[in-house]
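Data block for input03.cif (mmCIF, C-alpha atoms):
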```cif
data_final
#
loop_
_atom_site.label_atom_id
_atom_site.label_comp_id
_atom_site.auth_asym_id
_atom_site.auth_seq_id
_atom_site.Cartn_x
_atom_site.Cartn_y
_atom_site.Cartn_z
CA MET A 91 -61.79 146.28 138.30
CA SER A 92 -60.53 145.12 134.91
CA GLN A 93 -57.28 143.23 134.54
CA ASN A 94 -55.83 146.15 132.55
CA THR A 95 -56.72 148.59 135.32
CA ARG A 96 -55.32 146.34 138.02
CA SER A 97 -52.01 145.95 136.16
CA ARG A 98 -51.81 149.72 135.65
CA LEU A 99 -52.27 150.44 139.31
CA LEU A 100 -49.64 147.94 140.33
CA ARG A 101 -47.18 149.27 137.80
CA GLY A 102 -47.96 152.89 138.66
CA ARG A 103 -47.06 152.41 142.30
CA ARG A 104 -43.50 151.35 141.68
CA PRO A 105 -40.81 153.90 142.58
CA ALA A 106 -40.21 156.47 139.86
CA ALA A 107 -36.47 156.86 140.34
CA LEU A 108 -34.07 154.26 139.05
CA ALA A 109 -30.62 153.60 140.48
CA ALA A 110 -28.79 155.19 137.57
CA SER A 111 -27.22 158.50 136.62
CA VAL A 112 -27.84 158.88 132.90
CA LEU A 113 -27.91 162.41 131.51
CA VAL A 114 -30.27 163.56 128.80
CA GLY A 115 -27.22 164.28 126.66
CA THR A 116 -26.51 160.57 126.41
CA PHE A 117 -29.69 159.80 124.47
CA ALA A 118 -29.14 157.02 121.95
CA LEU A 119 -32.23 156.62 119.81
CA THR A 120 -32.89 153.87 117.31
CA SER A 121 -35.91 152.95 115.25
CA CYS A 122 -37.04 150.40 117.80
CA GLY A 123 -40.27 151.48 119.50
CA SER A 124 -41.39 151.63 123.11
CA GLY A 125 -44.99 150.48 122.78
CA GLY A 126 -46.20 147.02 121.96
CA GLY A 127 -48.96 145.06 120.35
CA GLY A 128 -51.37 143.02 122.39
CA GLU A 129 -53.55 140.06 121.59
CA ASP A 130 -55.96 140.25 118.63
CA GLY A 131 -54.30 143.41 117.30
CA GLU A 132 -54.74 145.41 120.50
CA VAL A 133 -52.28 148.29 120.85
CA SER A 134 -50.56 148.75 124.20
CA LEU A 135 -49.10 152.16 125.11
CA ARG A 136 -47.12 153.34 128.13
CA PHE A 137 -47.88 156.72 129.68
CA SER A 138 -45.73 158.39 132.36
CA TRP A 139 -46.27 161.49 134.47
CA TRP A 140 -45.32 163.10 137.78
CA GLY A 141 -47.62 164.59 140.37
CA SER A 142 -49.59 164.32 143.58
CA ASP A 143 -51.90 161.49 144.63
CA SER A 144 -54.93 163.47 143.46
CA ARG A 145 -53.38 163.82 139.99
CA HIS A 146 -52.62 160.11 139.89
CA GLN A 147 -56.21 159.24 140.75
CA ALA A 148 -57.70 161.65 138.22
CA THR A 149 -55.34 160.48 135.48
CA GLU A 150 -56.23 156.84 136.05
CA LYS A 151 -59.89 157.82 135.52
CA ILE A 152 -58.94 159.64 132.30
CA VAL A 153 -57.13 156.52 131.09
CA ASP A 154 -60.20 154.42 131.90
CA ALA A 155 -62.43 156.82 129.95
CA PHE A 156 -60.10 156.74 126.94
CA GLU A 157 -59.94 152.93 126.97
CA GLU A 158 -63.70 152.75 127.09
CA GLU A 159 -63.91 154.82 123.92
CA HIS A 160 -60.99 152.95 122.33
CA PRO A 161 -61.29 149.26 123.29
CA ASP A 162 -58.44 148.37 120.92
CA ILE A 163 -55.95 150.53 122.86
CA SER A 164 -54.72 149.83 126.39
CA ILE A 165 -52.66 152.26 128.46
CA GLU A 166 -50.10 151.16 131.03
CA THR A 167 -49.28 153.91 133.54
CA GLU A 168 -46.08 154.91 135.32
CA TYR A 169 -45.81 157.84 137.68
CA GLY A 170 -43.86 159.31 140.57
CA ASP A 171 -42.54 162.53 142.06
CA TRP A 172 -40.90 165.39 140.15
CA ALA A 173 -37.23 164.65 140.82
CA GLY A 174 -37.40 160.90 140.34
CA TYR A 175 -39.49 161.29 137.21
CA TRP A 176 -36.78 163.07 135.23
CA ASP A 177 -34.04 160.72 136.36
CA GLN A 178 -36.11 157.78 135.21
CA LEU A 179 -37.11 159.35 131.91
CA ALA A 180 -33.48 160.13 131.04
CA THR A 181 -32.51 156.57 131.88
CA GLN A 182 -35.36 155.09 129.86
CA THR A 183 -34.69 157.30 126.85
CA ALA A 184 -30.99 156.47 126.82
CA ALA A 185 -31.91 152.77 126.94
CA ASN A 186 -34.44 153.17 124.10
CA ASP A 187 -37.24 152.33 126.53
CA ALA A 188 -39.03 155.68 126.79
CA PRO A 189 -42.79 155.67 127.42
CA ASP A 190 -44.94 156.22 124.34
CA ILE A 191 -46.70 159.17 126.00
CA ILE A 192 -44.69 161.55 128.19
CA GLN A 193 -45.85 164.31 130.48
CA MET A 194 -43.39 167.07 129.57
CA ASP A 195 -42.26 170.30 131.21
CA ALA A 196 -41.14 173.40 129.33
CA GLN A 197 -37.69 173.44 130.90
CA TYR A 198 -36.87 170.00 129.45
CA LEU A 199 -38.67 170.34 126.11
CA SER A 200 -35.77 171.61 124.00
CA GLU A 201 -33.33 169.15 125.54
CA TYR A 202 -35.44 166.19 124.45
CA ALA A 203 -36.66 167.67 121.17
CA SER A 204 -33.22 168.79 119.96
CA ARG A 205 -31.88 165.25 120.35
CA GLY A 206 -34.65 163.68 118.32
CA ALA A 207 -36.31 162.04 121.32
CA LEU A 208 -39.80 163.44 120.68
CA LEU A 209 -42.42 162.84 118.00
CA GLU A 210 -43.88 165.76 116.06
CA LEU A 211 -47.55 165.94 117.06
CA ASP A 212 -48.99 166.77 113.67
CA GLN A 213 -52.19 164.82 114.29
CA VAL A 214 -53.25 166.57 117.51
CA ASP A 215 -55.95 169.20 117.04
CA THR A 216 -54.88 172.58 118.46
CA SER A 217 -57.54 174.69 116.72
CA ALA A 218 -59.38 175.51 119.98
CA MET A 219 -56.23 176.69 121.74
CA GLU A 220 -54.78 180.17 121.99
CA GLU A 221 -51.75 180.83 119.81
CA SER A 222 -49.48 181.28 122.82
CA SER A 223 -50.40 177.85 124.20
CA VAL A 224 -49.43 176.23 120.91
CA ALA A 225 -46.23 178.29 120.67
CA ASN A 226 -45.13 177.12 124.12
CA GLY A 227 -44.75 173.58 122.79
CA THR A 228 -43.31 174.44 119.38
CA THR A 229 -39.60 174.19 118.64
CA GLU A 230 -37.73 174.48 115.35
CA ASP A 231 -38.65 170.83 114.76
CA GLY A 232 -42.40 171.49 114.96
CA LEU A 233 -45.07 170.89 117.59
CA MET A 234 -43.24 168.63 120.03
CA ALA A 235 -45.52 169.11 123.05
CA VAL A 236 -49.12 170.16 123.58
CA THR A 237 -50.00 172.40 126.51
CA THR A 238 -52.53 170.79 128.87
CA GLY A 239 -53.27 174.02 130.70
CA ILE A 240 -51.93 177.41 131.69
CA ASN A 241 -50.93 178.98 134.99
CA ALA A 242 -48.98 181.95 136.32
CA MET A 243 -46.46 182.52 139.08
CA VAL A 244 -48.11 184.51 141.85
CA MET A 245 -47.57 185.60 145.42
CA MET A 246 -49.65 183.37 147.69
CA ALA A 247 -50.72 185.29 150.80
CA ASN A 248 -51.95 183.83 154.10
CA PRO A 249 -54.85 186.06 155.25
CA GLU A 250 -54.78 184.75 158.84
CA ILE A 251 -51.16 185.85 159.30
CA PHE A 252 -51.93 189.25 157.80
CA GLU A 253 -54.80 189.65 160.24
CA GLU A 254 -52.68 188.58 163.21
CA ALA A 255 -50.03 191.12 162.22
CA GLY A 256 -52.61 193.87 161.82
CA VAL A 257 -51.51 194.40 158.23
CA GLU A 258 -54.00 194.95 155.42
CA MET A 259 -53.85 192.80 152.33
CA PRO A 260 -52.15 194.88 149.60
CA ASP A 261 -53.82 196.20 146.49
CA ASP A 262 -51.96 193.87 144.15
CA SER A 263 -52.86 195.93 141.08
CA THR A 264 -50.73 198.83 142.32
CA TRP A 265 -48.15 197.52 144.79
CA THR A 266 -44.41 197.90 144.32
CA TRP A 267 -41.35 195.99 145.54
CA GLU A 268 -40.94 198.69 148.20
CA ASP A 269 -44.49 197.94 149.41
CA TYR A 270 -43.70 194.25 149.41
CA GLU A 271 -40.57 194.74 151.50
CA GLU A 272 -42.34 197.00 154.00
CA ILE A 273 -45.28 194.61 154.40
CA ALA A 274 -43.09 191.53 154.77
CA SER A 275 -40.68 193.10 157.28
CA THR A 276 -43.60 194.43 159.35
CA ILE A 277 -45.16 190.99 159.57
CA THR A 278 -41.81 189.48 160.61
CA GLU A 279 -41.62 192.04 163.41
CA GLU A 280 -45.24 191.71 164.56
CA VAL A 281 -45.81 187.93 164.57
CA ASP A 282 -43.57 185.67 166.63
CA GLY A 283 -42.15 182.66 164.82
CA VAL A 284 -43.39 183.83 161.41
CA TYR A 285 -41.58 185.59 158.57
CA GLY A 286 -43.16 188.02 156.16
CA ALA A 287 -41.98 186.12 153.10
CA THR A 288 -39.92 183.13 152.17
CA GLY A 289 -37.03 183.16 149.72
CA PRO A 290 -37.64 183.52 145.99
CA GLY A 291 -39.21 180.74 143.94
CA GLN A 292 -36.76 179.94 141.18
CA PRO A 293 -36.17 180.35 138.36
CA ALA A 294 -39.50 182.19 137.98
CA ASP A 295 -38.53 184.98 140.40
CA LEU A 296 -35.48 185.88 138.32
CA GLN A 297 -37.51 185.53 135.12
CA ILE A 298 -40.13 187.97 136.43
CA TRP A 299 -37.46 190.41 137.61
CA LEU A 300 -35.74 190.29 134.22
CA ARG A 301 -39.04 190.76 132.38
CA GLN A 302 -39.58 193.91 134.43
CA GLN A 303 -36.26 195.10 133.00
CA GLY A 304 -37.34 194.20 129.45
CA LYS A 305 -35.13 191.09 129.35
CA HIS A 306 -35.44 187.30 129.54
CA LEU A 307 -33.56 184.49 131.22
CA THR A 308 -32.92 182.90 127.82
CA THR A 309 -33.57 184.18 124.31
CA GLU A 310 -35.26 182.75 121.24
CA ASP A 311 -31.75 182.00 119.92
CA GLY A 312 -30.93 179.79 122.90
CA GLU A 313 -28.57 182.22 124.64
CA LEU A 314 -28.65 183.95 128.00
CA GLY A 315 -30.82 187.05 127.85
CA PHE A 316 -29.02 189.00 130.57
CA GLU A 317 -25.54 189.99 131.71
CA ALA A 318 -23.60 189.70 134.94
CA ALA A 319 -24.45 193.31 135.80
CA ASP A 320 -28.15 192.44 135.75
CA ALA A 321 -27.62 189.42 137.98
CA ALA A 322 -25.54 191.48 140.42
CA GLN A 323 -28.33 194.02 140.77
CA TYR A 324 -30.85 191.22 141.28
CA PHE A 325 -28.71 189.63 144.01
CA GLU A 326 -28.26 193.02 145.70
CA GLU A 327 -32.01 193.53 145.90
CA ARG A 328 -32.68 190.01 147.24
CA LEU A 329 -29.91 190.42 149.82
CA GLN A 330 -31.58 193.65 150.92
CA LEU A 331 -34.83 191.76 151.49
CA MET A 332 -33.03 189.31 153.77
CA GLU A 333 -31.11 192.01 155.64
CA GLY A 334 -34.34 193.97 156.13
CA GLU A 335 -35.97 190.84 157.62
CA ALA A 336 -38.56 190.56 154.89
CA TYR A 337 -36.90 187.21 154.16
CA PRO A 338 -35.73 184.72 156.80
CA PRO A 339 -32.01 184.29 157.56
CA ALA A 340 -29.84 182.44 155.05
CA SER A 341 -29.92 179.18 157.01
CA VAL A 342 -33.74 179.14 156.88
CA ILE A 343 -33.88 180.05 153.19
CA ALA A 344 -31.51 177.17 152.46
CA GLU A 345 -34.01 174.71 153.95
CA ASP A 346 -36.93 176.08 151.92
CA GLN A 347 -35.56 176.29 148.38
CA THR A 348 -37.18 173.27 146.73
CA PRO A 349 -39.94 171.85 148.96
CA GLY A 350 -43.32 170.55 147.90
CA PRO A 351 -46.42 172.36 149.20
CA ASP A 352 -46.75 170.19 152.32
CA GLU A 353 -43.13 170.61 153.41
CA SER A 354 -42.82 174.30 152.53
CA MET A 355 -42.82 177.19 154.96
CA THR A 356 -45.84 178.54 153.08
CA GLY A 357 -47.74 175.29 153.54
CA LYS A 358 -46.76 175.08 157.21
CA GLY A 359 -48.02 178.61 157.92
CA GLU A 360 -44.52 179.86 158.80
CA VAL A 361 -44.52 182.74 156.28
CA ALA A 362 -47.16 185.22 155.20
CA MET A 363 -46.21 185.18 151.50
CA GLY A 364 -44.59 182.73 149.12
CA MET A 365 -44.24 182.36 145.36
CA TRP A 366 -46.21 179.49 143.79
CA TRP A 367 -47.91 178.61 140.51
CA THR A 368 -51.65 179.19 140.41
CA ASN A 369 -52.46 175.51 139.90
CA GLN A 370 -50.83 174.87 143.31
CA LEU A 371 -53.31 177.08 145.16
CA GLY A 372 -55.41 174.12 146.32
CA ALA A 373 -52.42 172.15 147.58
CA ILE A 374 -50.97 175.15 149.43
CA SER A 375 -54.33 176.06 150.95
CA GLY A 376 -54.89 172.49 152.06
CA ALA A 377 -51.45 172.27 153.65
CA ALA A 378 -51.80 175.62 155.41
CA GLY A 379 -55.37 174.97 156.54
CA VAL A 380 -56.53 178.35 155.23
CA ASP A 381 -57.81 179.70 151.93
CA MET A 382 -54.69 181.33 150.53
CA VAL A 383 -55.09 184.51 148.47
CA PRO A 384 -53.31 184.72 145.09
CA LEU A 385 -51.74 188.12 144.47
CA ARG A 386 -50.14 189.64 141.41
CA MET A 387 -46.37 190.03 141.61
CA PRO A 388 -45.14 193.48 142.73
CA SER A 389 -43.63 195.77 140.10
CA GLU A 390 -41.14 198.63 140.15
CA THR A 391 -43.68 201.14 138.84
CA GLY A 392 -46.83 200.04 140.67
CA ALA A 393 -48.60 199.30 137.38
CA ALA A 394 -49.99 195.78 136.97
CA GLU A 395 -48.97 195.79 133.31
CA ASP A 396 -45.33 196.12 134.40
CA ASN A 397 -45.21 193.17 136.81
CA GLY A 398 -43.60 190.79 134.32
CA MET A 399 -46.15 188.00 134.73
CA TRP A 400 -47.03 185.66 131.87
CA TYR A 401 -49.03 182.55 131.12
CA LYS A 402 -46.85 179.49 131.44
CA SER A 403 -47.71 176.03 130.25
CA THR A 404 -48.46 174.23 133.49
CA MET A 405 -47.28 171.07 131.81
CA MET A 406 -47.39 169.45 128.39
CA MET A 407 -47.99 166.15 126.67
CA SER A 408 -45.37 164.69 124.34
CA ALA A 409 -44.83 161.39 122.57
CA SER A 410 -41.65 159.39 122.16
CA ALA A 411 -40.03 159.46 118.73
CA GLY A 412 -39.38 155.75 119.22
CA THR A 413 -43.00 154.72 119.70
CA ASP A 414 -44.27 151.89 117.51
CA HIS A 415 -47.71 153.51 117.55
CA PRO A 416 -47.46 157.22 116.71
CA GLU A 417 -51.11 157.53 115.63
CA GLU A 418 -52.50 155.95 118.78
CA ALA A 419 -50.15 157.93 121.03
CA GLN A 420 -51.34 161.16 119.44
CA GLU A 421 -54.92 159.97 119.71
CA PHE A 422 -54.54 159.71 123.47
CA ILE A 423 -52.87 163.14 123.71
CA ASP A 424 -55.71 164.60 121.65
CA PHE A 425 -58.19 163.06 124.10
CA MET A 426 -56.28 164.41 127.10
CA VAL A 427 -56.27 168.03 125.89
CA ASN A 428 -59.44 168.23 123.79
CA SER A 429 -61.97 166.00 125.57
CA GLU A 430 -64.45 167.67 127.90
CA GLU A 431 -64.59 164.42 129.84
CA ALA A 432 -60.85 164.52 130.46
CA GLY A 433 -61.06 168.22 131.28
CA LYS A 434 -63.69 167.67 133.94
CA LEU A 435 -61.50 165.00 135.53
CA ASN A 436 -58.34 167.14 135.39
CA LEU A 437 -60.12 170.35 136.44
CA THR A 438 -57.24 172.81 137.11
CA ASP A 439 -54.63 170.32 138.36
CA ARG A 440 -52.78 170.50 135.03
CA GLY A 441 -53.60 174.19 134.72
CA LEU A 442 -56.63 176.04 133.43
CA PRO A 443 -57.42 174.03 130.26
CA SER A 444 -55.65 175.36 127.17
CA ASN A 445 -58.54 174.23 124.95
CA LEU A 446 -60.97 177.15 125.26
CA ASP A 447 -64.04 174.97 124.69
CA VAL A 448 -62.93 172.55 127.40
CA ARG A 449 -62.20 175.52 129.67
CA GLU A 450 -65.76 176.79 129.20
CA ALA A 451 -67.12 173.35 130.09
CA VAL A 452 -64.87 173.01 133.14
CA MET A 453 -65.49 176.42 134.73
CA PRO A 454 -68.97 175.56 136.14
CA GLU A 455 -67.47 172.42 137.72
CA LEU A 456 -64.94 174.35 139.78
CA GLU A 457 -65.28 175.28 143.42
CA GLY A 458 -63.11 176.42 146.29
CA SER A 459 -59.43 176.95 145.47
CA ASP A 460 -59.83 175.62 141.92
CA GLN A 461 -62.47 178.26 141.22
CA THR A 462 -60.37 181.00 142.83
CA SER A 463 -57.34 179.99 140.76
CA ALA A 464 -59.30 179.88 137.50
CA GLU A 465 -60.99 183.24 138.07
CA PHE A 466 -57.65 184.82 138.95
CA ILE A 467 -56.01 183.46 135.80
CA GLU A 468 -58.78 184.91 133.64
CA GLU A 469 -58.78 188.24 135.51
CA ILE A 470 -55.10 188.97 134.88
CA GLU A 471 -55.10 188.10 131.17
CA PRO A 472 -55.34 191.71 129.87
CA GLU A 473 -52.24 192.68 131.88
CA LEU A 474 -49.89 189.89 130.84
CA GLY A 475 -46.91 190.13 128.54
CA GLU A 476 -45.77 187.75 125.84
CA PRO A 477 -44.86 184.21 126.95
CA GLU A 478 -41.27 183.34 127.70
CA PRO A 479 -39.22 181.93 124.80
CA VAL A 480 -39.17 178.14 124.65
CA PRO A 481 -36.42 177.27 127.15
CA ALA A 482 -33.10 176.47 125.49
CA PRO A 483 -31.22 173.20 125.99
CA GLY A 484 -29.50 173.35 129.36
CA PHE A 485 -32.37 175.30 130.91
CA SER A 486 -33.15 172.48 133.33
CA GLU A 487 -29.88 173.25 135.14
CA MET A 488 -30.74 176.92 135.67
CA GLN A 489 -32.66 176.45 138.91
CA SER A 490 -29.93 174.58 140.78
CA ILE A 491 -27.21 176.94 139.52
CA LEU A 492 -29.22 180.01 140.49
CA GLN A 493 -30.15 178.72 143.94
CA ARG A 494 -26.58 177.74 144.68
CA TYR A 495 -25.22 181.21 143.90
CA GLU A 496 -28.08 182.85 145.79
CA LEU A 497 -26.98 181.03 148.92
CA GLU A 498 -23.41 182.19 148.35
CA VAL A 499 -24.75 185.76 148.51
CA TYR A 500 -27.11 185.17 151.46
CA PHE A 501 -24.36 183.51 153.50
CA GLU A 502 -21.99 186.33 152.45
CA ARG A 503 -19.47 183.88 151.03
CA GLN A 504 -19.48 185.86 147.77
CA SER A 505 -20.41 189.41 146.91
CA PRO A 506 -23.37 189.93 144.56
CA GLN A 507 -20.92 190.82 141.76
CA GLU A 508 -18.75 187.73 142.33
CA ALA A 509 -21.78 185.45 142.46
CA ALA A 510 -23.27 187.06 139.35
CA GLU A 511 -20.10 186.51 137.31
CA GLY A 512 -19.76 182.91 138.44
CA MET A 513 -23.42 182.17 137.79
CA VAL A 514 -23.40 183.63 134.28
CA ASP A 515 -20.28 181.64 133.36
CA GLU A 516 -21.77 178.42 134.65
CA MET A 517 -25.13 178.99 132.94
CA GLU A 518 -23.42 179.71 129.63
CA GLN A 519 -21.49 176.46 129.93
CA ALA A 520 -24.70 174.55 130.68
CA MET A 521 -26.26 175.86 127.47
CA GLN A 522 -23.36 174.89 125.18
#
```

Please go through the file and, once you have read it, give me the structure as structure tokens.
Amino acid sequence: MSQNTRSRLLRGRRPAALAASVLVGTFALTSCGSGGGGEDGEVSLRFSWWGSDSRHQATEKIVDAFEEEHPDISIETEYGDWAGYWDQLATQTAANDAPDIIQMDAQYLSEYASRGALLELDQVDTSAMEESSVANGTTEDGLMAVTTGINAMVMMANPEIFEEAGVEMPDDSTWTWEDYEEIASTITEEVDGVYGATGPGQPADLQIWLRQQGKHLTTEDGELGFEAADAAQYFEERLQLMEGEAYPPASVIAEDQTPGPDESMTGKGEVAMGMWWTNQLGAISGAAGVDMVPLRMPSETGAAEDNGMWYKSTMMMSASAGTDHPEEAQEFIDFMVNSEEAGKLNLTDRGLPSNLDVREAVMPELEGSDQTSAEFIEEIEPELGEPEPVPAPGFSEMQSILQRYELEVYFERQSPQEAAEGMVDEMEQAMQ
């Protein structure tokens, strides 16, 4: 093991969260960079990401491969879990100590880009990517993030629970929300200690519901794309699912709002259906000990084209505006998204590769859940609608606001209309 690799591993294992509470809105950027220069002109870059142990291991191999091709560039790695990652990144950015290379998520993209924290990636080749993948990382300031891969929010179904309940797996190309409710409530009734479905996965569940109404959570102009009346109807329908025992009671839903695959009711085999992104199929299947089945989302009409699903950027790669080495940082991002070698190490963990040539090279390497996920993603492509608008600043607060008001409805502390009005007010304030 090289000294560079050893130092990366040691640094990468430190906790991701720092003992600080610095908001993204407090960014204070200067011209001072985050990267450094090594001995004999060697460039040193820092790269941070969140993810599972398998992602950490694969990414370290990608870094090794890049360094082998670029002996004058060394990459120091920092990584941790989802929640701690964003706390640390906000703290680092406010202190002008952001990593040179940043794994980015769509819900935070505008917040960082609008405050001048990100570098325009004008040297990264996107010619082999679909237009929608490029658009997902493009703000009014230019290409601020490059999509590593694509996924979709789906209903993960546990075939063993369906079999135990004596319920057939639905035809997901024609099923409706009424079918979903009937199936889930039947399973709850037939299998002791198991619920038909867990609570909604947010904010994607609301996004999909709104898309089925021809609306969006946020618009291209950075405003809310729905009204309180829409939210009230949505809450009414979700409350009906709980009251009809398709969902668990409110106290159980409250414990299952933001778990990882291993800690979730889906992963523990306590529900027959749960909402997850397609790139999480392997993790959910591994946790549940069964090959989970990805299903299209139900629709109101029973037509697959009306189910509101879309290709989302699984995650993205950005660079700090304060980096001392913008060319080298973009060179690494280009390698991450356009190299077949990197693609074969990532497989589908960061989504089905957005580079179509890399995707073609990766497909024969896939097996098991990765293969199932990739084939499903390709199968649904003709049915999908346009991607969601790039999330507006303040979008990162939507999930917690939405889940909080959902619980108010489930616990019957507020009516759907009261919760809808309060939620819309709070979301509008978050986006100001």

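For the structure in this document, the set picked by the PyMOL selection byres ((chain A and resi 295) around 10) is Met243, Val244, Gly289, Pro290, Gly291, Gln292, Pro293, Ala294, Leu296, Gln297, Ile298, Trp299, Leu300, Arg301, Tyr324, Met365, Met387, Gly398 and Met399 of chain A.
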
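Straight-line separation from atom CA of A:Ala184 to atom CA of A:Glu516: 25.1 Å.
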
Worksheet item: Which residues match the PyMOL selection byres ((chain A and resi 513) around 12) in the file above, as a PyMOL selection string?
Response: chain A and resi 314+316-322+325+487-499+504+506-512+514-520

Practice prompt. Would you kindly translate the PyMOL selection byres ((chain A and resi 377-383) around 6) into the concrete residues it picks from this file, as a VMD selection string?
Written response: chain A and resid 246 to 248 352 357 to 359 374 to 376 384

Item to complete: Take the point (-53.0, 163.3, 142.8) as written in the file and pick out every residue within 12 Å of it, counting only C-alpha atoms; give the list as a ChimeraX atom specification.
Response: /A:139-151,169-171,370,372-373,435-440

Output C-alpha atoms for every residue in that selection, as a PDB file, in the coordinates of the input.
```
ATOM      1  CA  TRP A 139     -46.270 161.490 134.470  1.00  0.00           C
ATOM      2  CA  TRP A 140     -45.320 163.100 137.780  1.00  0.00           C
ATOM      3  CA  GLY A 141     -47.620 164.590 140.370  1.00  0.00           C
ATOM      4  CA  SER A 142     -49.590 164.320 143.580  1.00  0.00           C
ATOM      5  CA  ASP A 143     -51.900 161.490 144.630  1.00  0.00           C
ATOM      6  CA  SER A 144     -54.930 163.470 143.460  1.00  0.00           C
ATOM      7  CA  ARG A 145     -53.380 163.820 139.990  1.00  0.00           C
ATOM      8  CA  HIS A 146     -52.620 160.110 139.890  1.00  0.00           C
ATOM      9  CA  GLN A 147     -56.210 159.240 140.750  1.00  0.00           C
ATOM     10  CA  ALA A 148     -57.700 161.650 138.220  1.00  0.00           C
ATOM     11  CA  THR A 149     -55.340 160.480 135.480  1.00  0.00           C
ATOM     12  CA  GLU A 150     -56.230 156.840 136.050  1.00  0.00           C
ATOM     13  CA  LYS A 151     -59.890 157.820 135.520  1.00  0.00           C
ATOM     14  CA  TYR A 169     -45.810 157.840 137.680  1.00  0.00           C
ATOM     15  CA  GLY A 170     -43.860 159.310 140.570  1.00  0.00           C
ATOM     16  CA  ASP A 171     -42.540 162.530 142.060  1.00  0.00           C
ATOM     17  CA  GLN A 370     -50.830 174.870 143.310  1.00  0.00           C
ATOM     18  CA  GLY A 372     -55.410 174.120 146.320  1.00  0.00           C
ATOM     19  CA  ALA A 373     -52.420 172.150 147.580  1.00  0.00           C
ATOM     20  CA  LEU A 435     -61.500 165.000 135.530  1.00  0.00           C
ATOM     21  CA  ASN A 436     -58.340 167.140 135.390  1.00  0.00           C
ATOM     22  CA  LEU A 437     -60.120 170.350 136.440  1.00  0.00           C
ATOM     23  CA  THR A 438     -57.240 172.810 137.110  1.00  0.00           C
ATOM     24  CA  ASP A 439     -54.630 170.320 138.360  1.00  0.00           C
ATOM     25  CA  ARG A 440     -52.780 170.500 135.030  1.00  0.00           C
TER      26      ARG A 440
END
```

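Nearest residue to A:Glu210 among A:Glu360, A:Ala411, A:Ala340, A:Phe485 is A:Ala411, counting all atoms listed in the file.
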
Worksheet item: For A:Trp172, which residue out of A:Gln323, A:Thr348, A:Ser275, A:Thr216 is the nearest one, using all atoms listed in the file?
Response: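 Closest candidate: A:Thr348.
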
Practice prompt. With a distance cut-off of 8 Å and all atoms listed in the file, select the neighbouring residues of A:Glu310, excluding the residue or stretch itself and same-chain residues fewer than 2 positions from it, and output the selection as a list in words.
Written response: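 Non-adjacent residues within range: Thr308, Gly312, Glu313, Pro479, Val480 and Ala482 of chain A.
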
Worksheet item: Quick one: of A:Ser204, A:Ser389, A:Gln330, A:Asn369, who's nearest to A:Tyr401, counting all atoms listed in the file?
Response: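 With all atoms listed in the file as the atom set, the closest residue is A:Asn369.
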
Discussion item. For a quick check of understanding, using only C-alpha atoms, which of A:Ala242, A:Val133, A:Val257, A:Ala409 has the smallest distance to A:Gly475?
Written reply: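 Among the listed residues, the smallest separation from A:Gly475 belongs to A:Ala242.
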
Worksheet item: Could you name the residues that touch A:Thr288 at 7 Å or less, counting all atoms listed in the file, but leaving out those on the same chain fewer than 6 positions away, as a list in words?
Response: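 Near A:Thr288, the qualifying residues are Tyr337, Pro338, Ile343, Val361, Met363 and Gly364 of chain A.
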
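The coordinates place atom CA of A:Ser410 at 6.5 Å from atom CA of A:Ala188.
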
Response to the item:
A straight line from atom CA of A:Pro339 to atom CA of A:Tyr500 spans 7.9 Å

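You can rank A:Thr167, A:Thr462, A:Thr238, A:Ser354 by their closest distance to A:Arg449 using all atoms listed in the file, and at the top of that list sits A:Thr238.
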
Distance cut-off 7 Å, centre (-54.6, 173.8, 131.7) in file coordinates, counting all atoms listed in the file: which residues qualify? Return them as a short mmCIF file (atom, residue, chain, number, x, y, z; two decimals) with C-alpha atoms, keeping the file's coordinate frame.
```cif
data_model
loop_
_atom_site.label_atom_id
_atom_site.label_comp_id
_atom_site.auth_asym_id
_atom_site.auth_seq_id
_atom_site.Cartn_x
_atom_site.Cartn_y
_atom_site.Cartn_z
CA THR A 238 -52.53 170.79 128.87
CA GLY A 239 -53.27 174.02 130.70
CA ILE A 240 -51.93 177.41 131.69
CA THR A 404 -48.46 174.23 133.49
CA THR A 438 -57.24 172.81 137.11
CA ARG A 440 -52.78 170.50 135.03
CA GLY A 441 -53.60 174.19 134.72
CA LEU A 442 -56.63 176.04 133.43
CA PRO A 443 -57.42 174.03 130.26
CA SER A 444 -55.65 175.36 127.17
#
```

I'd like the contact shell of A:Trp267 - 10 Å cut-off, only C-alpha atoms, skipping same-chain residues fewer than 5 positions apart - returned as a tab-separated table (two decimals) with C-alpha atoms, keeping the file's coordinate frame.
```
chain	number	residue	atom	x	y	z
A	272	GLU	CA	-42.34	197.00	154.00
A	273	ILE	CA	-45.28	194.61	154.40
A	327	GLU	CA	-32.01	193.53	145.90
A	331	LEU	CA	-34.83	191.76	151.49
A	387	MET	CA	-46.37	190.03	141.61
A	388	PRO	CA	-45.14	193.48	142.73
A	389	SER	CA	-43.63	195.77	140.10
A	390	GLU	CA	-41.14	198.63	140.15
A	391	THR	CA	-43.68	201.14	138.84
A	392	GLY	CA	-46.83	200.04	140.67
A	397	ASN	CA	-45.21	193.17	136.81
```
